[in-house]
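Engineer: Please see the structure below; I have some questions.
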Amino acid sequence: MSRPAVLVARKVFAETTDRLARHFEVERNDDDRIFTKAELSAKLRGKAGCFVTGSERIDAELLDANPQLRAVCNMAVGYNNIDVDACNARGVLATNTPDVLTETTADFGFALMMSAARRMAESEHYLRRGEWTRWAYDMFIGSDVHGATLGILGMGRIGQAIARRGALGFGMQVIYHNRSRLPPEQEAPLGARYVGKDELLREADHLVLVVPYSAASHHAIAAAELALMKPSATLTNVARGGVVDDAALAAALRERRIAAAALDVFEGEPQVHPDLLTVPNIVLTPHIASATVATRRAMADLAADNLIAALTGAAPPTPINPQVLPLRPS
Ligand code: 8YV
């Protein structure tokens with residue numbers, strides 16, 4: 001029997017593609033160029049499965065052009081790049097990589113929040129420009145993280161891991177807003193208080209966004225929301241671009257309506273809204289919150305585990321839509 005063919009849509013660890021090659025005919029993308037929609041569709045011809053990242057969009061048109069496709073395995077926890085309804089309608093399995101990146105992403109989210117609060121990027125740029133000629137009592141004066149109120153929008157796994165760092169490591173009061181309230185046994189160890197979104201915006205000293213992107217969370221933070229925040233507050237986004245209205249944020253930062261922001265994700269990335277590049281009080285990183293060697297390895301391994309299981313009749317470890325299982329034969 002011939003082996004199923006799969007596409008690995010982006011360059012990943014050689015160990016990952018070698019492992020997949022023990023099970024499948026693998027087409028790789030060692031140039032790591034992001035395929036256009038038409039190229040991706042053409043590359044998927046004859047493939048039973050694909051290994052993708054957040055950069056590849058999987059939609060109804062692509063699935064219809066490739067009716068033989070049975071599994072789409074994302075190397076990311078967020079899966080707004082995959083039209084899950086379209087997968088469900090066609091019996092295509094979609095998988096993601098939860099859990100393995102939670103602590104690493106929380107570390108980075110916390111680091112970004114601290115950088116914004118203590119003006120690390122802004123002061124580093126000043127130093128590099130050679131402008132540091134003397135000490136001054138109010139030079140890059142920021143706001144404390146310890147003991148402050150940490151506001152979390154989106155209290156999933158990563159939100160809770162950030163809350164844990166704040167509550168247990170930095171003595172912060174944690175408030176959060178989420179679609180649903182956590183059970184008391186999860187709130188209690190964090191001392192976390194569930195609040196409405198407006199209260200979250202009004203009370204947080206440091207607001208961290210960890211909410212998945214969807215039509216419902218599009219521009220969840222725009223001009224009206226920023227207007228509710230304290231002028232001394234910071235905003236950190238490690239969720240997805242599009243959750244924040246970047247133009248509105250740049251205006252709020254420029255006018256010092258909030259103190260500072262830290263963004264790892266951008267609407268339309270890798271493009272960055274030009275206004276964000278010219279405001280001083282912001283830390284900008286290129287979507288690297290999960291980027292440690294161990295975590296990226298674990299994410300790649302889990303995506304590969306899902307693909308191997310899906311196409312060999314085993315149970316995929318982290319399906320998004322398990323209701324499509326068992327998969328039809330190719
Ligand atoms: C990935 C992420 O690096 O997992 C996610 O949802 O945003 C990041 O960890 C990115 O999506 C690449 O697939």
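Ligands are numbered from 1 in the order shown, residues from 1 within each chain, and chains are lettered A, B, ... in the order they appear in the structure tokens.
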Could you tell me, as a ChimeraX atom specification, which residues of region 111-144 of chain A DSSP assigns to helix (DSSP H, G or I) when given the backbone?
Structural biologist: /A:111-117,120-128
Engineer: For the residues in that selection, give me all heavy atoms as a short mmCIF file (atom, residue, chain, number, x, y, z; two decimals), in the first residue's frame.
Structural biologist:
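Wrote it out as out_21.cif, contents follow:
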data_model
loop_
_atom_site.label_atom_id
_atom_site.label_comp_id
_atom_site.auth_asym_id
_atom_site.auth_seq_id
_atom_site.Cartn_x
_atom_site.Cartn_y
_atom_site.Cartn_z
N ALA A 111 7.16 39.34 30.91
CA ALA A 111 8.35 40.15 30.60
C ALA A 111 7.95 41.40 29.82
O ALA A 111 8.44 42.51 30.10
CB ALA A 111 9.35 39.33 29.81
N LEU A 112 7.06 41.25 28.87
CA LEU A 112 6.62 42.41 28.09
C LEU A 112 5.92 43.42 28.99
O LEU A 112 6.14 44.63 28.89
CB LEU A 112 5.65 41.98 26.98
CG LEU A 112 6.24 41.44 25.68
CD1 LEU A 112 5.12 41.16 24.70
CD2 LEU A 112 7.25 42.39 25.06
N MET A 113 5.06 42.90 29.86
CA MET A 113 4.33 43.79 30.76
C MET A 113 5.32 44.56 31.65
O MET A 113 5.20 45.78 31.84
CB MET A 113 3.36 42.94 31.59
CG MET A 113 2.47 43.70 32.52
SD MET A 113 3.06 43.54 34.18
CE MET A 113 2.44 41.93 34.58
N MET A 114 6.33 43.86 32.15
CA MET A 114 7.33 44.54 32.98
C MET A 114 8.13 45.56 32.17
O MET A 114 8.45 46.65 32.66
CB MET A 114 8.28 43.52 33.60
CG MET A 114 7.59 42.62 34.60
SD MET A 114 8.73 41.74 35.67
CE MET A 114 9.25 43.05 36.76
N SER A 115 8.42 45.20 30.92
CA SER A 115 9.18 46.13 30.07
C SER A 115 8.40 47.41 29.85
O SER A 115 8.97 48.51 29.84
CB SER A 115 9.49 45.53 28.70
OG SER A 115 10.08 44.29 28.83
N ALA A 116 7.07 47.26 29.63
CA ALA A 116 6.25 48.45 29.40
C ALA A 116 6.19 49.28 30.68
O ALA A 116 6.38 50.51 30.65
CB ALA A 116 4.85 48.05 28.96
N ALA A 117 5.94 48.61 31.82
CA ALA A 117 5.78 49.34 33.08
C ALA A 117 7.05 50.10 33.44
O ALA A 117 7.00 51.22 33.95
CB ALA A 117 5.42 48.36 34.20
N MET A 120 11.56 49.86 29.58
CA MET A 120 12.87 49.30 29.22
C MET A 120 13.26 49.59 27.78
O MET A 120 14.40 50.00 27.50
CB MET A 120 12.88 47.80 29.48
CG MET A 120 12.92 47.48 30.95
SD MET A 120 13.01 45.71 31.17
CE MET A 120 12.82 45.59 32.92
N ALA A 121 12.34 49.36 26.83
CA ALA A 121 12.71 49.57 25.42
C ALA A 121 12.94 51.04 25.15
O ALA A 121 13.93 51.43 24.52
CB ALA A 121 11.61 49.03 24.52
N GLU A 122 12.03 51.85 25.68
CA GLU A 122 12.12 53.29 25.45
C GLU A 122 13.44 53.85 25.99
O GLU A 122 14.13 54.64 25.32
CB GLU A 122 10.93 53.93 26.18
CG GLU A 122 10.69 55.35 25.85
CD GLU A 122 9.51 55.90 26.69
OE1 GLU A 122 8.82 55.15 27.41
OE2 GLU A 122 9.31 57.12 26.60
N SER A 123 13.84 53.40 27.18
CA SER A 123 15.06 53.94 27.78
C SER A 123 16.30 53.36 27.08
O SER A 123 17.33 54.04 26.96
CB SER A 123 15.10 53.66 29.29
OG SER A 123 15.05 52.28 29.54
N GLU A 124 16.18 52.14 26.57
CA GLU A 124 17.32 51.57 25.85
C GLU A 124 17.57 52.34 24.56
O GLU A 124 18.71 52.64 24.20
CB GLU A 124 17.11 50.09 25.56
CG GLU A 124 18.41 49.45 25.12
CD GLU A 124 18.28 48.20 24.29
OE1 GLU A 124 17.18 47.64 24.22
OE2 GLU A 124 19.29 47.82 23.68
N HIS A 125 16.49 52.67 23.87
CA HIS A 125 16.64 53.44 22.63
C HIS A 125 17.30 54.79 22.91
O HIS A 125 18.17 55.25 22.15
CB HIS A 125 15.28 53.63 21.95
CG HIS A 125 14.68 52.34 21.47
ND1 HIS A 125 13.33 52.14 21.34
CD2 HIS A 125 15.27 51.18 21.11
CE1 HIS A 125 13.11 50.91 20.92
NE2 HIS A 125 14.27 50.31 20.77
N TYR A 126 16.92 55.41 24.01
CA TYR A 126 17.49 56.70 24.42
C TYR A 126 19.00 56.56 24.66
O TYR A 126 19.81 57.35 24.20
CB TYR A 126 16.71 57.13 25.65
CG TYR A 126 17.25 58.21 26.53
CD1 TYR A 126 16.91 59.54 26.33
CD2 TYR A 126 18.06 57.88 27.63
CE1 TYR A 126 17.37 60.52 27.18
CE2 TYR A 126 18.54 58.86 28.48
CZ TYR A 126 18.19 60.18 28.25
OH TYR A 126 18.64 61.15 29.10
N LEU A 127 19.34 55.49 25.39
CA LEU A 127 20.76 55.25 25.68
C LEU A 127 21.54 55.03 24.38
O LEU A 127 22.60 55.61 24.16
CB LEU A 127 20.87 54.05 26.60
CG LEU A 127 22.26 53.61 27.07
CD1 LEU A 127 22.14 52.96 28.45
CD2 LEU A 127 22.92 52.65 26.11
N ARG A 128 20.97 54.20 23.49
CA ARG A 128 21.67 53.90 22.23
C ARG A 128 21.82 55.15 21.35
O ARG A 128 22.77 55.24 20.59
CB ARG A 128 20.90 52.84 21.43
CG ARG A 128 21.05 51.43 21.96
CD ARG A 128 20.23 50.51 21.08
NE ARG A 128 20.16 49.16 21.60
CZ ARG A 128 21.07 48.22 21.32
NH1 ARG A 128 22.10 48.47 20.54
NH2 ARG A 128 20.95 47.01 21.83
#
Engineer: DSSP says strand (DSSP E or B) for which residues of region 103-301 of chain A? Put them as a list in words?
Structural biologist: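 Output for region 103-301 of chain A, strand (DSSP E or B) only: Thr149, Leu150, Gly151, Ile152, Leu153, Gln173, Val174, Ile175, Tyr176, His177, Arg193, Tyr194, His206, Leu207, Val208, Leu209, Ile221, Thr234, Leu235, Thr236, Asn237, Val244, Ala260, Ala261, Ala262, Leu263, Ile282, Val283 and Leu284 of chain A.
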Engineer: Taking only C-alpha atoms and all ligand atoms and a cut-off of 10 Å, can you tell me which residues surround ligand 1, written as JSON, numbers by chain?
Structural biologist: {"A": [10, 52, 53, 54, 55, 56, 74, 75, 76, 77, 78, 79, 80, 81, 96, 97, 98, 99, 100, 101, 102, 104, 105, 212, 213, 238, 239, 240, 241, 264, 265, 286, 287, 288, 289, 290, 291, 292, 295, 296, 299, 300]}
Engineer: Using only C-alpha atoms, determine which residues lie at most 9 Å from Thr149 (chain A), disregarding the query and same-chain residues fewer than 5 positions distant; provide the list as a list in words.
Structural biologist: Gly166, Met172, Gln173, Val174, Ile175, Glu203, Ala204, Asp205, His206 and Leu207 of chain A
Engineer: If you count only C-alpha atoms, which residues fall within 12 Å of Ile308 (chain A), apart from same-chain ones fewer than 4 positions away, as a PyMOL selection string?
Structural biologist: chain A and resi 3-6+16-17+19-26+48-51+70-73+95+301-304+312-317
Engineer: Please provide the set of residues having any atom within 8 Å of Gly154 (chain A), restricted to only C-alpha atoms, with same-chain residues fewer than 4 positions apart removed, written as an mmCIF file with all heavy atoms, in the first residue's frame.
Structural biologist:
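Contents of part_14.cif, as written:
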data_model
loop_
_atom_site.group_PDB
_atom_site.id
_atom_site.type_symbol
_atom_site.label_atom_id
_atom_site.label_comp_id
_atom_site.auth_asym_id
_atom_site.auth_seq_id
_atom_site.Cartn_x
_atom_site.Cartn_y
_atom_site.Cartn_z
ATOM 1 N N GLY A 159 -3.620 32.868 30.238
ATOM 2 C CA GLY A 159 -4.062 33.929 31.148
ATOM 3 C C GLY A 159 -3.859 33.516 32.595
ATOM 4 O O GLY A 159 -3.372 34.299 33.429
ATOM 5 N N TYR A 176 -9.998 39.740 36.334
ATOM 6 C CA TYR A 176 -10.032 39.193 34.972
ATOM 7 C C TYR A 176 -11.429 39.263 34.406
ATOM 8 O O TYR A 176 -12.426 39.326 35.133
ATOM 9 C CB TYR A 176 -9.512 37.753 34.942
ATOM 10 C CG TYR A 176 -10.443 36.719 35.533
ATOM 11 C CD1 TYR A 176 -11.271 35.950 34.708
ATOM 12 C CD2 TYR A 176 -10.510 36.512 36.903
ATOM 13 C CE1 TYR A 176 -12.123 34.994 35.237
ATOM 14 C CE2 TYR A 176 -11.369 35.563 37.443
ATOM 15 C CZ TYR A 176 -12.169 34.812 36.608
ATOM 16 O OH TYR A 176 -13.017 33.885 37.143
ATOM 17 N N HIS A 177 -11.463 39.250 33.079
ATOM 18 C CA HIS A 177 -12.737 39.114 32.378
ATOM 19 C C HIS A 177 -12.561 38.034 31.332
ATOM 20 O O HIS A 177 -11.513 37.924 30.700
ATOM 21 C CB HIS A 177 -13.152 40.438 31.724
ATOM 22 C CG HIS A 177 -14.486 40.351 31.077
ATOM 23 N ND1 HIS A 177 -15.656 40.241 31.804
ATOM 24 C CD2 HIS A 177 -14.852 40.311 29.767
ATOM 25 C CE1 HIS A 177 -16.678 40.149 30.970
ATOM 26 N NE2 HIS A 177 -16.216 40.185 29.729
ATOM 27 N N ASN A 178 -13.587 37.243 31.186
ATOM 28 C CA ASN A 178 -13.527 36.078 30.317
ATOM 29 C C ASN A 178 -14.952 35.762 29.900
ATOM 30 O O ASN A 178 -15.892 36.231 30.540
ATOM 31 C CB ASN A 178 -12.946 34.899 31.130
ATOM 32 C CG ASN A 178 -12.433 33.779 30.257
ATOM 33 O OD1 ASN A 178 -11.828 34.030 29.227
ATOM 34 N ND2 ASN A 178 -12.690 32.551 30.657
ATOM 35 N N ARG A 179 -15.125 34.959 28.832
ATOM 36 C CA ARG A 179 -16.490 34.557 28.457
ATOM 37 C C ARG A 179 -17.183 33.900 29.646
ATOM 38 O O ARG A 179 -18.323 34.156 29.947
ATOM 39 C CB ARG A 179 -16.438 33.553 27.305
ATOM 40 C CG ARG A 179 -16.663 34.186 25.950
ATOM 41 C CD ARG A 179 -16.566 33.150 24.904
ATOM 42 N NE ARG A 179 -15.436 32.255 25.203
ATOM 43 C CZ ARG A 179 -15.032 31.270 24.443
ATOM 44 N NH1 ARG A 179 -15.649 31.006 23.334
ATOM 45 N NH2 ARG A 179 -13.998 30.515 24.759
ATOM 46 N N LEU A 209 -3.645 41.073 27.448
ATOM 47 C CA LEU A 209 -4.647 40.447 26.582
ATOM 48 C C LEU A 209 -4.182 39.056 26.193
ATOM 49 O O LEU A 209 -3.086 38.886 25.641
ATOM 50 C CB LEU A 209 -4.839 41.287 25.316
ATOM 51 C CG LEU A 209 -5.072 42.779 25.536
ATOM 52 C CD1 LEU A 209 -5.231 43.497 24.203
ATOM 53 C CD2 LEU A 209 -6.294 43.017 26.427
ATOM 54 N N VAL A 210 -5.028 38.079 26.476
ATOM 55 C CA VAL A 210 -4.694 36.690 26.157
ATOM 56 C C VAL A 210 -5.926 35.998 25.588
ATOM 57 O O VAL A 210 -6.119 34.796 25.764
ATOM 58 C CB VAL A 210 -4.181 35.922 27.403
ATOM 59 C CG1 VAL A 210 -3.177 34.860 26.988
ATOM 60 C CG2 VAL A 210 -3.550 36.836 28.435
ATOM 61 N N VAL A 211 -6.759 36.774 24.910
ATOM 62 C CA VAL A 211 -8.037 36.260 24.437
ATOM 63 C C VAL A 211 -7.866 35.734 23.003
ATOM 64 O O VAL A 211 -7.146 36.348 22.208
ATOM 65 C CB VAL A 211 -9.090 37.400 24.527
ATOM 66 C CG1 VAL A 211 -8.807 38.535 23.566
ATOM 67 C CG2 VAL A 211 -10.485 36.919 24.353
ATOM 68 N N PRO A 212 -8.457 34.593 22.648
ATOM 69 C CA PRO A 212 -8.304 34.124 21.263
ATOM 70 C C PRO A 212 -8.951 35.099 20.282
ATOM 71 O O PRO A 212 -9.921 35.783 20.640
ATOM 72 C CB PRO A 212 -9.038 32.781 21.231
ATOM 73 C CG PRO A 212 -9.420 32.467 22.618
ATOM 74 C CD PRO A 212 -9.294 33.708 23.447
#
Engineer: Using only C-alpha atoms, which of the listed residues (A:Lys11, A:Arg33, A:Lys47, A:Arg90) sits closest to Val324 (chain A)?
Structural biologist: A:Arg90
